[in-house]
Amino acid sequence: MTSTMEEARPAAGPRSMAASPLMPVRATYRVQFNSDFTFADAERMAPYFAALGVSHLYASPIFKARAGSSHGYDMVDPTRISDELGGEDGFRSMAAALAGVGIGVILDIVPNHMAADGANPYWIDVLEFGADAASAPVFDIDFARRIALPWLGDDAPAIEKLAYDEASGRVKALVAGNAIPLRPRSTADLLDRVGAMEAAMLWRIIDRATADPEAIESARVALRATVAAMSGSFERALAKADLNAVHAEQHWQAVPWRQIEALNYRRFFEVSHLLGVRIEDEAVFEIVHRLPLALVREGLVQGLRVDHVDGLADPAAYCVRLREETGPEALILIEKILGHDEALRPWPIDGTTGYERLNLINEAFVAGSGRSAFQSYLAERGWLSGGPLARIAAAKTEVIEKSFKPELARLIESAAAVLGDDAPLASALEAAVVALLAAFPVYRSYLVGLPASAEDEALWRAAEIRAKADAPAVAPIVVRLVEAALLAPGVDAARFRRLFQQLSGPAMAKGFEDTELYRSVAMASVNEVGSDLVAPPRQADDLHAAFASFGPRGLIPLATHDTKRGADTRARLNLLSHCPERWIGLVERWEARHAALKSEVGPDDLDLWFIYQTLFAAWPLPVDRARIYFEKAMREAKRHSGWTDPNEDYETALHSFVATLIEGPEGALFRADLEAFLAETASIASTNSLSQTVLQLTLPGIPDIYRGTELADFSLVDPDNRRPFAWDRREALLASPASAIPALAEDEERVAKLIATRSLLALRARHSDVFTAPYQPERVSEEGWFAFSRRGSAAEIVIAVPVTPHAMATEALTFADERYAGSWRKPLAGDAATVIEGGRVPIDTTVPVLILVRPLTDGAATEPHLQG
């Protein structure tokens, strides 16, 4: 092993005095870097980002990742910038171009995991040297067993052949097409067979204990010299080697890909090629953060977004350490999925990536009565059974037992250790652990030291109550486990807490987000990352209170690379909650008409309901996109198919049905009905779209615009939301002089969003005091409107958006607060002037969204002459 652990230490010291000052974060624009969008592409788009009005480019991970990575989260070397994206020179050039137009960079970092890939030097080091590797502390591996490589197909040999790799100075085994290094002892045996005793001795020396880099390099030099001198003999030795015997003595073992229970390392969720990283280790923290911290200190990066913070052993300590390294000015955001009314812990960070804000904004446009009507309709027909809590617990139980076998086994082992000599039978202990995981109400707790915080104790006690009710046969064991978690001292209890907390998050993510949200599809627009299927929709007063509590530096997204649907897809679906009888009538008509199109295999009634919603939400939806989406949706739901055991007959039947609806002659009447209904509701969907955009841009926090979504975003879950889009169209529209919003009924392209984004981000730039001012709910006399204001030292703004179709026909709004009388400007109407008299302000029903701005002098309103 080279001295990577030592070389990776970050440069100490404060931010460089030569660095540019950290600019205020007004709004971010999220880009996905890959071979189709590189640093050079972002550099070319710098003028566009500036004209749009964002202050920072929010970049996906830029570090060296697996070859061809489409997202960068499968990192192989955190100390290098990806050459595929443009390398360090390309990044510096891009950062300079962005800085030249006043834009900084927020960087996504991945402290939780790395890819198990041949290009990962730390992984290769561990495979070669095992627990003695210098890189052994990097990964969360149980070295009591050999490292499992779950790559083999049915009846495939563990090792296909051996080969010499001159470049690396190693002998490697070919395992399922992957070149894996042999341990030094095996290489020594091969050298013995050709009589290279001195070289063999050097390899045996480095096999016995942690070897220094010089000894390792000497062995590699000797191997190269031996092979150069007797290549034919060495090749014959490789060919004659007993591959089974070689396999048996390695630090790793190749196993069938289905045999996940053999895994002895923590994974990112259930992805076996993404290994958990021990970021709590000082040297490992330094490896992973050396480069991003150097970029922050140099002033090339102004903030960090931390991926999957809940996967870490101690997220709180990590956030403290990261803040110590970045200093107080840098923006630190964490990807943290908060449960319903769950408060963000008081860590030294600026906020989250904003899923809780996205869901709150979405709630404003959902009629609770309509949502309930859909749920009742499905329940009455037996398409959904049981309550949402029971369904979520069942889904979590399923993924825990099927997808997380190795993690569950380690957790049960630790539970037995903490319970001691009177631990129950393994089967009963497993049932109790699974029940407790399935009942846990949020993604995770943060128990590290004792005593437990009040928040953590409340979470564990809530899980205890639910688990005892769900699994009464093991209730006494559940009680003992909770008592141990909350009260027990010692190493065993600490390990149990850590393993439980690192599994409860993945169990929620895969059981709730990636299973139940594809099953409980009564109204799919509310099925989002961080959503809640149990709590009733919030009323206006509750939403006002939630919005008022937003911190000023957390993100406000309407879409991300992980959302289940695009912003406009949700906005269109939400309108169905205001006309449930109409939608149910359409579905029943289509079901009767399409009965002959279904095969005996499927799709079933619940999938039909889901198909019709999806086609309405994302129309027009080409067959190729629909096929990719529905394949993922079926396999995630795990009702008829799955990723490990696809039901090809059911999938084929469903794909054929959907394709017929989209383009077959038998689907013509359906398409006519669907397009007529889309035309009828076009202005409602477009108004919802603009209204949620206005909230995103004016609520407390930092608006975060996901790539391309400043225009129409009728996307579905990834990979659909990562497909290419037309940058040139956005550039052309942004360059046009139009400053007034077009009539929404005809705005299929959602140009209104682009104009609103440009206008309101310009307003945020001119009047930053307004957008750091408190949120103030406002009352209007008309039903179905949501209004608030923000009053700074030099200007004030009033926002009102309709949240029901009926409200969209309102011709005037009446404000209860008389202080709003007087003259205002309307930034979404070309900065036109308007007057509030008697508390009333006229509404343009073609664009029924109201934003009013006026300047203040010494806290009092003055005649507006500003442009917004």
# chains A, B, ... in the order shown; residues from 1 in each chain; ligands from 1
$ select_by_dssp --residues "region 443-538 of chain A" --states "helix (DSSP H, G or I)" --output "number ranges by chain"
A: 454-470, 472-487, 491-513, 516-518, 524-526
$ select_by_dssp --residues "region 793-838 of chain A" --states "strand (DSSP E or B)" --output "JSON, numbers by chain"
{"A": [795, 796, 797, 798, 799, 800, 801, 802, 812, 813, 814, 815, 822, 823, 824, 825, 826, 829, 832, 833, 834, 835, 836, 837]}
$ residues_around --residues "region 540-552 of chain A" --least-positions-apart "2" --cutoff "10 Å" --atoms "only C-alpha atoms" --output "PyMOL selection string"
chain A and resi 25+341+350-352+354+356-357+360-361+363-364+537-538+554-556+695+699-702+771-778+784-788
$ closest_residue --among "A:Asp470, A:Glu457, A:Glu198, A:Asp117" --to "Ala394 (chain A)" --atoms "only C-alpha atoms"
A:Asp470
$ closest_atom_pairs --of "region 691-726 of chain A" --to "region 600-620 of chain A" --cutoff "12 Å" --atoms "only C-alpha atoms" --output "CSV"
residue,atom,partner,partner_atom,distance
A:Ala712,CA,A:Ala618,CA,10.5
A:Asp713,CA,A:Ala618,CA,8.9
A:Phe714,CA,A:Ala618,CA,5.1
A:Ser715,CA,A:Ala618,CA,6.6
A:Leu716,CA,A:Ala618,CA,7.5
A:Val717,CA,A:Ala618,CA,11.2
A:Asp720,CA,A:Ala618,CA,11.0
A:Asn721,CA,A:Ala618,CA,11.7
